[in-house]
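Enquirer: Sharing data-v3.csv here; it has CSV, C-alpha atoms.
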chain,number,residue,atom,x,y,z
A,17,MET,CA,30.1,-9.4,-2.6
A,18,ASP,CA,28.8,-11.7,0.1
A,19,ILE,CA,25.6,-10.5,1.7
A,20,VAL,CA,27.2,-10.1,5.2
A,21,GLU,CA,30.0,-7.9,3.8
A,22,ARG,CA,27.4,-6.0,1.9
A,23,PHE,CA,25.2,-5.4,4.9
A,24,ILE,CA,28.1,-4.2,7.1
A,25,SER,CA,29.2,-1.8,4.4
A,26,TYR,CA,25.8,-0.2,4.5
A,27,THR,CA,25.9,0.1,8.3
A,28,LYS,CA,29.1,2.3,8.0
A,29,ILE,CA,26.9,5.1,6.5
A,30,ASN,CA,25.1,7.0,9.1
A,31,THR,CA,21.5,7.4,7.8
A,32,THR,CA,19.8,8.5,11.0
A,33,THR,CA,16.6,10.3,10.2
A,34,ASP,CA,16.4,13.9,11.3
A,35,ARG,CA,13.1,14.7,12.9
A,36,ASP,CA,13.5,18.5,12.8
A,37,LYS,CA,14.3,18.5,9.1
A,38,GLY,CA,11.6,16.1,8.4
A,39,ALA,CA,9.1,18.3,10.2
A,40,ALA,CA,10.3,21.1,8.0
A,41,GLY,CA,9.5,19.1,4.9
A,42,ILE,CA,13.0,18.3,3.9
A,43,MET,CA,13.5,14.9,2.2
A,44,PRO,CA,15.7,13.1,2.7
A,45,SER,CA,16.0,14.5,6.2
A,46,SER,CA,19.7,13.4,6.5
A,47,GLU,CA,22.5,13.5,3.9
A,48,GLY,CA,23.6,9.9,4.7
A,49,GLN,CA,20.4,8.6,3.1
A,50,ARG,CA,21.4,10.2,-0.2
A,51,VAL,CA,24.9,8.7,0.1
A,52,LEU,CA,23.5,5.2,0.7
A,53,ALA,CA,21.0,5.5,-2.1
A,54,ASN,CA,23.7,6.5,-4.5
A,55,LYS,CA,26.0,3.6,-3.3
A,56,VAL,CA,23.2,1.1,-3.8
A,57,ALA,CA,22.4,2.6,-7.2
A,58,ASP,CA,26.0,2.1,-8.3
A,59,GLU,CA,25.9,-1.5,-7.1
A,60,LEU,CA,22.7,-2.2,-9.0
A,61,ARG,CA,24.1,-0.7,-12.2
A,62,ALA,CA,27.2,-2.9,-11.8
A,63,LEU,CA,24.8,-5.9,-11.6
A,64,GLY,CA,23.2,-4.9,-14.9
A,65,LEU,CA,20.0,-3.4,-13.8
A,66,GLN,CA,18.3,-0.8,-16.0
A,67,ASP,CA,16.5,2.5,-15.4
A,68,VAL,CA,18.5,3.0,-12.2
A,69,GLN,CA,17.5,6.4,-10.8
A,70,VAL,CA,17.9,8.3,-7.6
A,71,SER,CA,15.5,11.2,-7.4
A,72,GLU,CA,16.1,14.6,-5.7
A,73,ARG,CA,14.4,13.1,-2.7
A,74,SER,CA,16.7,10.1,-2.7
A,75,ILE,CA,14.0,7.7,-3.8
A,76,LEU,CA,15.8,4.9,-5.7
A,77,THR,CA,14.2,2.9,-8.4
A,78,ALA,CA,15.6,0.2,-10.7
A,79,THR,CA,14.6,-2.7,-13.0
A,80,LEU,CA,15.9,-6.1,-13.6
A,81,PRO,CA,14.4,-6.9,-17.1
A,82,SER,CA,12.5,-10.0,-17.8
A,83,ASN,CA,14.4,-12.9,-19.3
A,84,VAL,CA,11.4,-14.6,-20.9
A,85,ASP,CA,9.5,-13.7,-24.1
A,86,TYR,CA,6.0,-14.0,-22.6
A,87,PRO,CA,4.1,-11.6,-20.3
A,88,LEU,CA,4.4,-11.9,-16.5
A,89,PRO,CA,3.4,-9.6,-13.7
A,90,THR,CA,6.1,-7.3,-12.3
A,91,VAL,CA,7.1,-7.9,-8.7
A,92,ALA,CA,8.9,-5.3,-6.7
A,93,PHE,CA,10.8,-5.3,-3.4
A,94,PHE,CA,11.1,-2.3,-1.1
A,95,GLY,CA,13.4,-1.2,1.8
A,96,HIS,CA,13.9,2.1,3.5
A,97,LEU,CA,17.1,4.1,3.7
A,98,ASP,CA,16.8,5.8,7.1
A,99,THR,CA,17.4,4.5,10.6
A,100,SER,CA,15.6,5.5,13.8
A,101,ALA,CA,16.5,8.7,15.6
A,102,GLU,CA,16.5,6.8,18.9
A,103,GLN,CA,20.3,6.7,18.6
A,104,THR,CA,22.3,9.1,16.3
A,105,THR,CA,25.9,7.8,16.8
A,106,ASP,CA,27.9,5.9,14.1
A,107,THR,CA,27.5,2.1,14.0
A,108,HIS,CA,30.3,-0.2,14.8
A,109,ALA,CA,29.1,-3.5,13.6
A,110,GLN,CA,30.8,-6.8,14.6
A,111,ILE,CA,30.2,-10.5,13.8
A,112,LEU,CA,30.1,-12.5,17.0
A,113,PRO,CA,29.9,-16.4,17.2
A,114,TYR,CA,27.1,-17.3,19.6
A,115,GLN,CA,27.6,-20.4,21.8
A,116,GLY,CA,24.8,-19.8,24.3
A,117,GLY,CA,24.3,-17.7,27.4
A,118,ASP,CA,24.9,-14.0,27.5
A,119,LEU,CA,26.7,-12.4,24.5
A,120,CYS,CA,29.2,-9.7,25.3
A,121,LEU,CA,28.9,-6.7,23.0
A,122,ASN,CA,31.4,-4.4,24.8
A,123,GLN,CA,33.8,-5.7,27.4
A,124,GLU,CA,35.1,-2.3,28.4
A,125,GLN,CA,31.6,-1.0,29.1
A,126,GLN,CA,30.2,-4.4,30.2
A,127,ILE,CA,27.4,-4.3,27.8
A,128,PHE,CA,25.8,-7.7,27.2
A,129,LEU,CA,22.9,-9.3,25.3
A,130,ARG,CA,21.4,-11.1,28.2
A,131,GLN,CA,19.6,-14.4,27.4
A,132,SER,CA,17.3,-13.8,30.3
A,133,GLU,CA,16.1,-10.6,28.6
A,134,PHE,CA,16.2,-11.9,25.1
A,135,PRO,CA,15.2,-15.6,25.3
A,136,GLU,CA,15.0,-16.0,21.5
A,137,LEU,CA,18.8,-16.0,21.5
A,138,SER,CA,18.6,-19.7,22.3
A,139,GLU,CA,17.3,-20.3,18.8
A,140,TYR,CA,20.7,-19.1,17.4
A,141,ILE,CA,23.2,-21.2,19.4
A,142,GLY,CA,26.0,-22.1,17.0
A,143,ASP,CA,25.3,-19.3,14.6
A,144,ASP,CA,27.1,-16.0,13.9
A,145,ILE,CA,25.3,-12.9,15.1
A,146,ILE,CA,25.8,-9.3,13.8
A,147,ALA,CA,25.5,-6.7,16.5
A,148,THR,CA,27.1,-3.4,17.5
A,149,ASP,CA,29.4,-2.6,20.5
A,150,GLY,CA,26.3,-1.5,22.4
A,151,THR,CA,26.8,2.2,21.8
A,152,SER,CA,24.4,2.6,18.8
A,153,LEU,CA,21.7,1.0,16.7
A,154,LEU,CA,22.8,-1.7,14.3
A,155,GLY,CA,20.6,-0.4,11.5
A,156,ALA,CA,19.3,-3.7,10.4
A,157,ASP,CA,16.1,-1.7,10.3
A,158,ASP,CA,16.3,-1.5,7.4
A,159,LYS,CA,19.7,-2.1,5.9
A,160,ALA,CA,19.2,-5.8,6.3
A,161,ALA,CA,16.4,-5.4,3.8
A,162,ILE,CA,18.6,-3.5,1.3
A,163,ALA,CA,21.3,-6.1,1.6
A,164,SER,CA,18.8,-8.9,1.0
A,165,ILE,CA,17.3,-7.3,-2.0
A,166,VAL,CA,20.7,-6.5,-3.7
A,167,ASN,CA,21.9,-10.0,-2.9
A,168,MET,CA,18.7,-11.5,-4.5
A,169,ILE,CA,19.4,-9.4,-7.7
A,170,GLN,CA,23.0,-10.6,-7.7
A,171,TYR,CA,21.9,-14.3,-7.4
A,172,LEU,CA,19.4,-14.0,-10.2
A,173,GLN,CA,22.1,-12.5,-12.5
A,174,GLN,CA,24.5,-15.2,-11.6
A,175,HIS,CA,21.8,-17.9,-12.4
A,176,PRO,CA,20.2,-17.0,-15.7
A,177,GLU,CA,18.6,-20.4,-15.8
A,178,ILE,CA,16.1,-19.0,-13.3
A,179,LYS,CA,13.3,-17.7,-15.5
A,180,HIS,CA,11.5,-14.5,-14.3
A,181,GLY,CA,9.6,-11.5,-15.3
A,182,ALA,CA,10.6,-8.0,-14.6
A,183,VAL,CA,11.7,-7.4,-11.1
A,184,LYS,CA,11.8,-3.9,-9.6
A,185,VAL,CA,13.6,-2.4,-6.7
A,186,GLY,CA,12.4,0.6,-4.6
A,187,LEU,CA,14.2,2.3,-1.7
A,188,VAL,CA,12.6,5.2,0.1
A,189,PRO,CA,13.8,7.7,2.7
A,190,ASP,CA,12.4,8.7,6.0
A,191,GLU,CA,10.2,5.7,6.8
A,192,GLU,CA,10.9,6.4,10.5
A,193,GLN,CA,8.9,9.7,10.3
A,194,GLY,CA,5.5,8.5,9.3
A,195,LEU,CA,6.3,6.7,6.0
A,196,ARG,CA,7.2,10.0,4.4
A,197,GLY,CA,9.1,8.5,1.4
A,198,ALA,CA,6.5,5.9,0.6
A,199,LYS,CA,3.7,8.4,0.8
A,200,VAL,CA,5.2,10.4,-2.1
A,201,PHE,CA,6.4,7.4,-4.1
A,202,ASP,CA,5.0,7.4,-7.6
A,203,VAL,CA,3.4,4.0,-7.8
A,204,LYS,CA,1.8,4.6,-11.2
A,205,SER,CA,5.0,5.3,-13.1
A,206,PHE,CA,6.9,2.6,-11.2
A,207,GLY,CA,4.9,0.0,-13.0
A,208,ALA,CA,4.9,-2.9,-10.6
A,209,ASP,CA,1.8,-5.2,-10.2
A,210,PHE,CA,2.5,-6.2,-6.6
A,211,ALA,CA,5.3,-5.8,-4.1
A,212,TYR,CA,6.9,-6.7,-0.8
A,213,THR,CA,8.6,-4.6,1.8
A,214,LEU,CA,11.2,-6.1,4.1
A,215,ASP,CA,10.9,-4.3,7.5
A,216,CYS,CA,11.2,-5.9,10.9
A,217,CYS,CA,10.7,-9.3,12.4
A,218,GLY,CA,12.5,-12.5,13.1
A,219,ILE,CA,12.9,-15.3,10.7
A,220,GLY,CA,9.6,-16.7,9.4
A,221,GLU,CA,7.4,-13.8,10.4
A,222,LEU,CA,5.1,-12.5,7.7
A,223,VAL,CA,2.9,-9.4,8.0
A,224,TYR,CA,-0.1,-8.4,6.0
A,225,GLU,CA,-2.1,-6.6,8.6
A,226,ASN,CA,-1.3,-3.3,10.3
A,227,TRP,CA,-3.3,-0.5,11.8
A,228,ASN,CA,-5.8,1.7,10.2
A,229,ALA,CA,-4.3,4.8,11.6
A,230,GLY,CA,-5.6,8.3,12.2
A,231,ASP,CA,-4.7,11.5,14.0
A,232,ALA,CA,-6.9,13.6,16.2
A,233,GLU,CA,-6.3,17.2,17.4
A,234,ILE,CA,-8.8,18.6,19.8
A,235,ILE,CA,-8.5,22.3,20.6
A,236,PHE,CA,-10.0,23.6,23.9
A,237,THR,CA,-10.6,27.3,24.2
A,238,GLY,CA,-11.3,28.7,27.6
A,239,GLN,CA,-11.5,32.1,29.2
A,240,SER,CA,-8.6,33.4,31.3
A,241,ALA,CA,-9.1,35.5,34.4
A,242,HIS,CA,-7.2,36.6,37.4
A,243,PRO,CA,-7.7,34.2,40.2
A,244,MET,CA,-8.7,36.9,42.6
A,245,SER,CA,-11.8,37.6,40.5
A,246,ALA,CA,-12.2,34.4,38.6
A,247,LYS,CA,-15.4,33.1,40.1
A,248,GLY,CA,-18.0,32.7,37.3
A,249,LYS,CA,-15.5,34.0,34.7
A,250,LEU,CA,-12.5,31.6,34.4
A,251,LYS,CA,-13.0,28.7,32.0
A,252,ASN,CA,-9.9,26.6,32.3
A,253,SER,CA,-9.0,24.9,29.0
A,254,LEU,CA,-6.6,22.6,30.8
A,255,LEU,CA,-9.3,21.1,32.9
A,256,MET,CA,-11.5,20.8,29.9
A,257,ALA,CA,-8.9,18.7,28.2
A,258,HIS,CA,-8.4,16.5,31.3
A,259,LYS,CA,-12.2,15.9,31.5
A,260,PHE,CA,-12.2,15.0,27.9
A,261,ILE,CA,-9.4,12.5,28.4
A,262,ALA,CA,-11.3,11.0,31.4
A,263,MET,CA,-14.3,10.2,29.2
A,264,LEU,CA,-12.2,8.1,26.8
A,265,PRO,CA,-13.0,4.3,27.1
A,266,GLY,CA,-11.1,2.8,30.0
A,267,GLY,CA,-8.4,0.3,29.1
A,268,GLU,CA,-8.3,1.2,25.4
A,269,ALA,CA,-4.8,2.7,25.5
A,270,PRO,CA,-1.5,1.3,24.2
A,271,GLU,CA,-0.3,0.2,27.6
A,272,TYR,CA,-3.4,-2.0,28.1
A,273,THR,CA,-3.7,-3.6,24.7
A,274,ASP,CA,-2.0,-6.1,22.5
A,275,GLY,CA,-2.6,-8.4,19.5
A,276,ARG,CA,-5.5,-6.9,17.4
A,277,GLU,CA,-6.8,-4.7,20.1
A,278,GLY,CA,-7.1,-1.0,19.0
A,279,TYR,CA,-6.6,2.0,21.1
A,280,TYR,CA,-6.7,5.8,21.7
A,281,TRP,CA,-3.3,7.2,22.5
A,282,VAL,CA,-3.2,10.5,24.3
A,283,LYS,CA,0.1,11.6,22.8
A,284,GLN,CA,0.7,15.2,23.6
A,285,MET,CA,-1.0,18.1,25.4
A,286,GLN,CA,0.2,21.7,25.5
A,287,GLY,CA,-1.5,24.9,26.6
A,288,ASN,CA,-2.6,27.0,29.5
A,289,SER,CA,-5.9,28.0,31.1
A,290,ALA,CA,-6.9,30.0,27.9
A,291,LYS,CA,-6.1,27.4,25.2
A,292,THR,CA,-5.0,23.8,25.2
A,293,VAL,CA,-4.2,21.5,22.3
A,294,LEU,CA,-4.6,17.8,22.7
A,295,LYS,CA,-3.1,15.4,20.1
A,296,MET,CA,-4.0,11.8,19.9
A,297,ASP,CA,-3.3,8.7,17.8
A,298,VAL,CA,-6.2,6.5,16.8
A,299,ARG,CA,-5.6,2.8,15.9
A,300,ASP,CA,-7.7,-0.1,14.9
A,301,PHE,CA,-7.1,-3.2,12.7
A,302,THR,CA,-10.6,-3.2,11.2
A,303,GLU,CA,-12.1,-0.5,9.0
A,304,GLN,CA,-15.3,-0.6,11.0
A,305,GLY,CA,-13.5,-0.3,14.3
A,306,TYR,CA,-11.4,2.5,13.1
A,307,GLN,CA,-14.4,4.5,11.8
A,308,HIS,CA,-16.2,3.9,15.1
A,309,ARG,CA,-13.3,5.3,17.0
A,310,MET,CA,-13.0,8.4,14.9
A,311,ALA,CA,-16.8,8.9,15.1
A,312,PHE,CA,-16.6,8.5,18.9
A,313,LEU,CA,-14.1,11.3,19.2
A,314,ALA,CA,-16.1,13.6,17.0
A,315,LYS,CA,-19.3,12.9,19.0
A,316,LEU,CA,-17.5,13.3,22.3
A,317,ALA,CA,-16.1,16.7,21.2
A,318,GLU,CA,-19.6,17.7,20.0
A,319,ASN,CA,-21.1,16.8,23.3
A,320,CYS,CA,-18.4,18.7,25.3
A,321,ALA,CA,-19.0,21.7,23.1
A,322,SER,CA,-22.7,21.6,23.9
A,323,LEU,CA,-21.8,21.7,27.7
A,324,TRP,CA,-19.0,24.3,27.6
A,325,GLY,CA,-19.9,26.5,24.6
A,326,THR,CA,-19.9,26.1,20.9
A,327,GLU,CA,-16.5,27.6,20.4
A,328,SER,CA,-14.9,25.9,23.4
A,329,VAL,CA,-14.1,22.6,21.7
A,330,LYS,CA,-12.9,22.0,18.1
A,331,CYS,CA,-12.1,18.5,16.8
A,332,HIS,CA,-9.9,17.9,13.8
A,333,LEU,CA,-9.6,14.3,12.5
A,334,ALA,CA,-7.3,13.0,9.7
A,335,ASP,CA,-6.4,9.6,8.3
A,336,ARG,CA,-2.7,8.7,8.4
A,337,TYR,CA,-2.6,5.3,6.7
A,338,ALA,CA,-4.8,2.2,6.1
A,339,ASN,CA,-4.4,-1.4,6.9
A,340,VAL,CA,-2.5,-3.3,4.2
A,341,PHE,CA,-5.0,-6.1,4.5
A,342,ASN,CA,-7.7,-3.9,3.0
A,343,SER,CA,-5.8,-4.3,-0.4
A,344,LEU,CA,-5.1,-8.0,0.0
A,345,GLN,CA,-8.5,-9.6,0.1
A,346,GLY,CA,-10.3,-12.0,-2.3
A,347,GLU,CA,-8.7,-12.2,-5.7
A,348,SER,CA,-6.1,-9.7,-4.6
A,349,ALA,CA,-4.7,-12.1,-1.9
A,350,TYR,CA,-2.2,-13.8,-4.3
A,351,PRO,CA,0.9,-11.9,-3.0
A,352,ILE,CA,0.2,-13.5,0.4
A,353,ASP,CA,-0.1,-17.0,-1.2
A,354,ILE,CA,3.2,-16.5,-3.0
A,355,ALA,CA,5.0,-15.3,0.1
A,356,GLU,CA,3.7,-18.2,2.2
A,357,GLN,CA,4.7,-20.8,-0.4
A,358,ALA,CA,8.1,-19.1,-0.8
A,359,TYR,CA,8.7,-19.5,3.0
A,360,ARG,CA,7.7,-23.2,2.9
A,361,ASN,CA,9.9,-23.9,-0.2
A,362,ARG,CA,12.9,-22.7,1.9
A,363,GLY,CA,11.9,-24.8,4.8
A,364,ILE,CA,10.5,-21.9,6.9
A,365,GLU,CA,7.0,-22.1,8.4
A,366,PRO,CA,5.3,-18.8,8.1
A,367,LYS,CA,4.5,-17.0,11.4
A,368,VAL,CA,1.7,-14.6,10.4
A,369,ILE,CA,1.5,-11.7,12.8
A,370,PRO,CA,-0.3,-8.4,12.9
A,371,MET,CA,2.0,-5.4,13.0
A,372,ARG,CA,1.0,-2.9,15.7
A,373,GLY,CA,2.5,-0.1,13.8
A,374,GLY,CA,2.9,1.2,10.3
A,375,TYR,CA,5.3,0.3,7.5
A,376,ASP,CA,5.9,1.6,4.0
A,377,GLY,CA,3.7,-1.1,2.6
A,378,ALA,CA,0.7,0.6,4.2
A,379,ALA,CA,1.2,3.7,2.1
A,380,LEU,CA,2.1,1.8,-1.0
A,381,SER,CA,-0.9,-0.4,-0.7
A,382,GLN,CA,-3.2,2.6,-0.2
A,383,ASN,CA,-1.8,4.1,-3.4
A,384,GLY,CA,-2.6,1.0,-5.4
A,385,LEU,CA,0.4,-1.3,-4.9
A,386,PRO,CA,-0.5,-4.3,-2.7
A,387,CYS,CA,2.4,-4.9,-0.4
A,388,PRO,CA,2.8,-7.6,2.3
A,389,ASN,CA,5.9,-7.5,4.5
A,390,ILE,CA,8.7,-10.2,4.6
A,391,PHE,CA,11.1,-10.6,7.5
A,392,THR,CA,14.6,-9.3,7.6
A,393,GLY,CA,15.5,-11.6,10.5
A,394,ALA,CA,16.6,-8.9,12.9
A,395,HIS,CA,15.5,-8.4,16.5
A,396,ASN,CA,15.2,-5.5,18.9
A,397,PHE,CA,14.7,-2.7,16.4
A,398,HIS,CA,15.3,0.9,17.7
A,399,SER,CA,17.5,-0.5,20.4
A,400,ILE,CA,21.3,-0.7,21.2
A,401,TYR,CA,20.5,-4.4,21.6
A,402,GLU,CA,19.4,-4.8,18.0
A,403,TYR,CA,21.0,-7.9,16.4
A,404,LEU,CA,20.9,-9.9,13.2
A,405,PRO,CA,21.6,-13.6,13.0
A,406,VAL,CA,23.6,-14.3,9.8
A,407,ILE,CA,21.4,-17.4,9.1
A,408,SER,CA,18.3,-15.1,9.1
A,409,LEU,CA,19.8,-12.5,6.8
A,410,ARG,CA,20.7,-15.2,4.2
A,411,ALA,CA,17.2,-16.8,4.6
A,412,ALA,CA,15.5,-13.5,3.9
A,413,SER,CA,17.4,-13.1,0.6
A,414,ASP,CA,16.6,-16.8,-0.3
A,415,VAL,CA,12.9,-16.2,0.2
A,416,LEU,CA,13.0,-13.2,-2.2
A,417,VAL,CA,14.6,-15.5,-4.9
A,418,GLU,CA,11.8,-18.0,-4.2
A,419,VAL,CA,9.2,-15.3,-4.6
A,420,VAL,CA,10.6,-14.4,-8.0
A,421,LYS,CA,10.6,-18.1,-9.1
A,422,LEU,CA,7.0,-18.6,-7.9
A,423,THR,CA,5.8,-15.5,-9.6
A,424,HIS,CA,7.0,-17.0,-12.9
A,425,ASP,CA,5.6,-20.4,-12.2
A,426,ARG,CA,2.2,-19.1,-11.2
A,427,PHE,CA,1.6,-16.8,-14.2
A,428,ARG,CA,3.6,-18.3,-17.0
A,429,ASP,CA,0.5,-19.8,-18.6
A,430,GLY,CA,-1.0,-16.3,-19.0
A,431,THR,CA,-3.1,-16.3,-15.9
A,432,LYS,CA,-3.8,-12.7,-14.8
A,433,ALA,CA,-2.5,-11.5,-11.5
Just dump the structure as structure tokens.
Expert:
Amino acid sequence: MDIVERFISYTKINTTTDRDKGAAGIMPSSEGQRVLANKVADELRALGLQDVQVSERSILTATLPSNVDYPLPTVAFFGHLDTSAEQTTDTHAQILPYQGGDLCLNQEQQIFLRQSEFPELSEYIGDDIIATDGTSLLGADDKAAIASIVNMIQYLQQHPEIKHGAVKVGLVPDEEQGLRGAKVFDVKSFGADFAYTLDCCGIGELVYENWNAGDAEIIFTGQSAHPMSAKGKLKNSLLMAHKFIAMLPGGEAPEYTDGREGYYWVKQMQGNSAKTVLKMDVRDFTEQGYQHRMAFLAKLAENCASLWGTESVKCHLADRYANVFNSLQGESAYPIDIAEQAYRNRGIEPKVIPMRGGYDGAALSQNGLPCPNIFTGAHNFHSIYEYLPVISLRAASDVLVEVVKLTHDRFRDGTKA
């Protein structure tokens, strides 16, 4: 099956993540994810993979055995099964030739990909572009990854002259809800030495930095009173929360930062004059910066409690995931070296970018499986304007083949990973 046909077949399965079911601890949160996992499992079995399994949680694992008689490290490739809850309707994918200018997605509803809004379109003049009719997501996040991985396996099976060690495949559910599938993935029994996710980014982009991420919940407890007799009695927890927010560092919020600049994100506040709960996200690329931010919130809460009363402010801090780069330094940096060389071998100059978000590789790396992120080639994730140039989809799969080749060439003399 051609990679484009394969990708479009995946888009026909609605795998929208269900936030309510996810919050209730159900995994996968949507039945379509299970359907897709089983479909891919059947395809991998037909391609001759071994140990193909789909767990109760719809985590798919499979192994392409080594075709050499000497030891090599095992490389793995990961994608996620779910698509964002930003749009829940079925996908109607179409292949459109792009000749420049605006690209019409839906003539009836006059929906266009405007070159003025998406100037990178000019890089794909003369290419075919996969998009929807503008009424849904495309789902290239992350079905383009799955298609690239399966296509890579197909190519290796069709070309037994390519020598390689064991290659593993991992697909996980509910990435769009805080990396839920990756967090419960059994890295130890999987048996890979290093891995790559494919999630996001235009052709050539390479990610091996993301946030150190944490959650903060600050609970403000006041004292309610009737306003006619409130003087000296009423302690308004809502105003406490507002004063707390006002003492956060100016300009260190998502709307004021980019690149490697961290932030505090005031995400949710609920309550009344008696009790208010404030929820925040804390993000920083460096471990030192992250620890500083978490310590700052703890100290600010402590100081506020000393002003308003010991029981008036309680701060609960929790780590969510760590920066992948923490696991890819020094002698552990070889997965980055292999990826960069794989890009160049395919005529693609690596564009190293920090991801201002999380991806499954963050959880996998934190659990002991170092995991940079390779491009899928798609643009405008989580949007009805999501699109995937065919040339980029093919390039992603080609890079994976090159990674497998380079892993063999780098370690065939017995060098340890």
Enquirer: Residues at most 6 Å from stretch 32-38 of chain A, counting all atoms listed in the file, excluding those fewer than 3 positions away in the same chain, as a PyMOL selection string?
Expert: chain A and resi 41-42+45-46+98-101+104
Enquirer: I'd like a table as a Markdown table: residues in stretch 141-244 of chain A with an atom no more than 10 Å from stretch 331-335 of chain A, each row giving the shortest atom pair and its distance in Å to one decimal, only C-alpha atoms counted, sorted by chain and rising residue number.
Expert:
| residue | atom | partner | partner_atom | distance |
| --- | --- | --- | --- | --- |
| A:Asn228 | CA | A:Asp335 | CA | 8.1 |
| A:Ala229 | CA | A:Asp335 | CA | 6.2 |
| A:Gly230 | CA | A:Asp335 | CA | 4.2 |
| A:Asp231 | CA | A:Ala334 | CA | 5.2 |
| A:Ala232 | CA | A:Leu333 | CA | 4.6 |
| A:Glu233 | CA | A:His332 | CA | 5.1 |
| A:Ile234 | CA | A:Cys331 | CA | 4.5 |
| A:Ile235 | CA | A:Cys331 | CA | 6.5 |
| A:Phe236 | CA | A:Cys331 | CA | 9.0 |
Enquirer: Pick out the residues sitting within 10 Å of A:Asn383, and hand them over as a PyMOL selection string; count all atoms listed in the file, and ignore anything fewer than 2 positions along from it in its own chain.
Expert: chain A and resi 198-204+343+377-381+385-386
Enquirer: Give me the residues within 12 Å of A:Tyr171 as a list in words, counting all atoms listed in the file and dropping any in the same chain fewer than 2 places off.
Expert: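 Listing them by chain and then by number gives Met17, Asp18, Ile19, Leu63, Leu80, Ser164, Ile165, Val166, Asn167, Met168, Ile169, Gln173, Gln174, His175, Pro176, Glu177, Ile178, Arg410, Ser413, Asp414, Val415, Leu416, Val417, Glu418 and Val420 of chain A.
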Enquirer: For A:Gly287, please output as a ChimeraX atom specification all residues within 12 Å (counting all atoms listed in the file; exclusion window: fewer than 5 positions along the same chain).
Expert: /A:234-238,252-258,292-295
Enquirer: Do a neighbour search on A:Ile352 at 10 Å with all atoms listed in the file, toss out local chain neighbours closer than 3 positions, and write the hits as a list in words.
Expert: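 With the cut-off at 10 Å, the set is Tyr212, Leu222, Val223, Tyr224, Phe341, Leu344, Gln345, Ser348, Ala349, Ala355, Glu356, Gln357, Ala358, Pro386, Cys387, Pro388 and Asn389 of chain A.
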Enquirer: Identify which of the residues A:Gln382, A:Gln115, A:Asn226, A:Asn319 lies closest to A:Phe301, counting all atoms listed in the file when measuring atom-to-atom distances.
Expert: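 The shortest atom-to-atom distance to A:Phe301 comes from A:Asn226.
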Enquirer: My list of candidates is A:Ser82, A:Thr423, A:Gln131, A:Gln125. Which is closest to A:Asp353 when distances are computed with only C-alpha atoms?
Expert: A:Thr423
Enquirer: Just checking: using only C-alpha atoms, which residue out of A:Asn122, A:Leu153, A:Phe134, A:Lys184 ends up closest to A:Gln66?
Expert: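 Once distances to A:Gln66 are computed over only C-alpha atoms, the minimum belongs to A:Lys184.
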Enquirer: Tell me, in Å to one decimal, how far atom CA of A:Gly155 is from atom CA of A:Gly194.
Expert: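 Atom CA of A:Gly155 sits 17.7 Å away from atom CA of A:Gly194.
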Enquirer: When distances are computed from all atoms listed in the file, which of A:Tyr86, A:Tyr337, A:Phe391, A:Tyr140 shows the smallest separation from A:Leu112?
Expert: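 Going through A:Tyr86, A:Tyr337, A:Phe391, A:Tyr140 one by one, the smallest distance to A:Leu112 is for A:Tyr140.
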Enquirer: At a cut-off of 8 Å around the point (24.8, 1.0, 27.7) (file coordinates), what residues fall inside when counting all atoms listed in the file? I'd like the answer as a list in words.
Expert: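 The requested residues, written out, are Gln125, Ile127, Gly150, Thr151 and Ile400 of chain A.
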Enquirer: Rounded to one decimal in Å, what is the spacing between atom CA of A:Gly117 and atom CA of A:Thr27?
Expert: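 Computing it gives 26.2 Å between the two atoms.
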Enquirer: Nearest residue to A:Glu191 out of A:Met371, A:Ile75, A:Ala246, A:Leu60, using only C-alpha atoms?
Expert: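 Among A:Met371, A:Ile75, A:Ala246, A:Leu60, it is A:Ile75 that comes nearest to A:Glu191.
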Enquirer: When you count only C-alpha atoms, which of these residues is closest to A:Ile141: A:Leu119, A:Pro270, A:Leu316, A:Gln126?
Expert: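 Smallest distance to A:Ile141 is found for A:Leu119.
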Enquirer: Atom CA of A:Thr79 and atom CA of A:Ala161 are how many Å apart?
Expert: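 These atoms are spaced 17.1 Å apart.
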Enquirer: May I have the residues at most 9 Å from (20.2, 5.2, -6.3) in the file's coordinates, counting only C-alpha atoms, as number ranges by chain?
Expert: A: 50-60, 68-71, 74-78, 187
Enquirer: Save stretch 399-410 of chain A to a file: C-alpha atoms, as a PDB file, in the first residue's frame.
Expert:
ATOM      1  CA  SER A 399      -6.874  23.425  13.277  1.00  0.00           C
ATOM      2  CA  ILE A 400      -9.311  22.954  10.414  1.00  0.00           C
ATOM      3  CA  TYR A 401      -6.445  24.369   8.300  1.00  0.00           C
ATOM      4  CA  GLU A 402      -4.180  21.438   9.120  1.00  0.00           C
ATOM      5  CA  TYR A 403      -2.471  20.194   5.967  1.00  0.00           C
ATOM      6  CA  LEU A 404       0.173  17.690   4.936  1.00  0.00           C
ATOM      7  CA  PRO A 405       2.345  18.024   1.824  1.00  0.00           C
ATOM      8  CA  VAL A 406       2.799  14.605   0.234  1.00  0.00           C
ATOM      9  CA  ILE A 407       6.497  15.291  -0.329  1.00  0.00           C
ATOM     10  CA  SER A 408       6.927  15.843   3.421  1.00  0.00           C
ATOM     11  CA  LEU A 409       5.072  12.666   4.363  1.00  0.00           C
ATOM     12  CA  ARG A 410       7.322  10.609   2.109  1.00  0.00           C
TER      13      ARG A 410
END
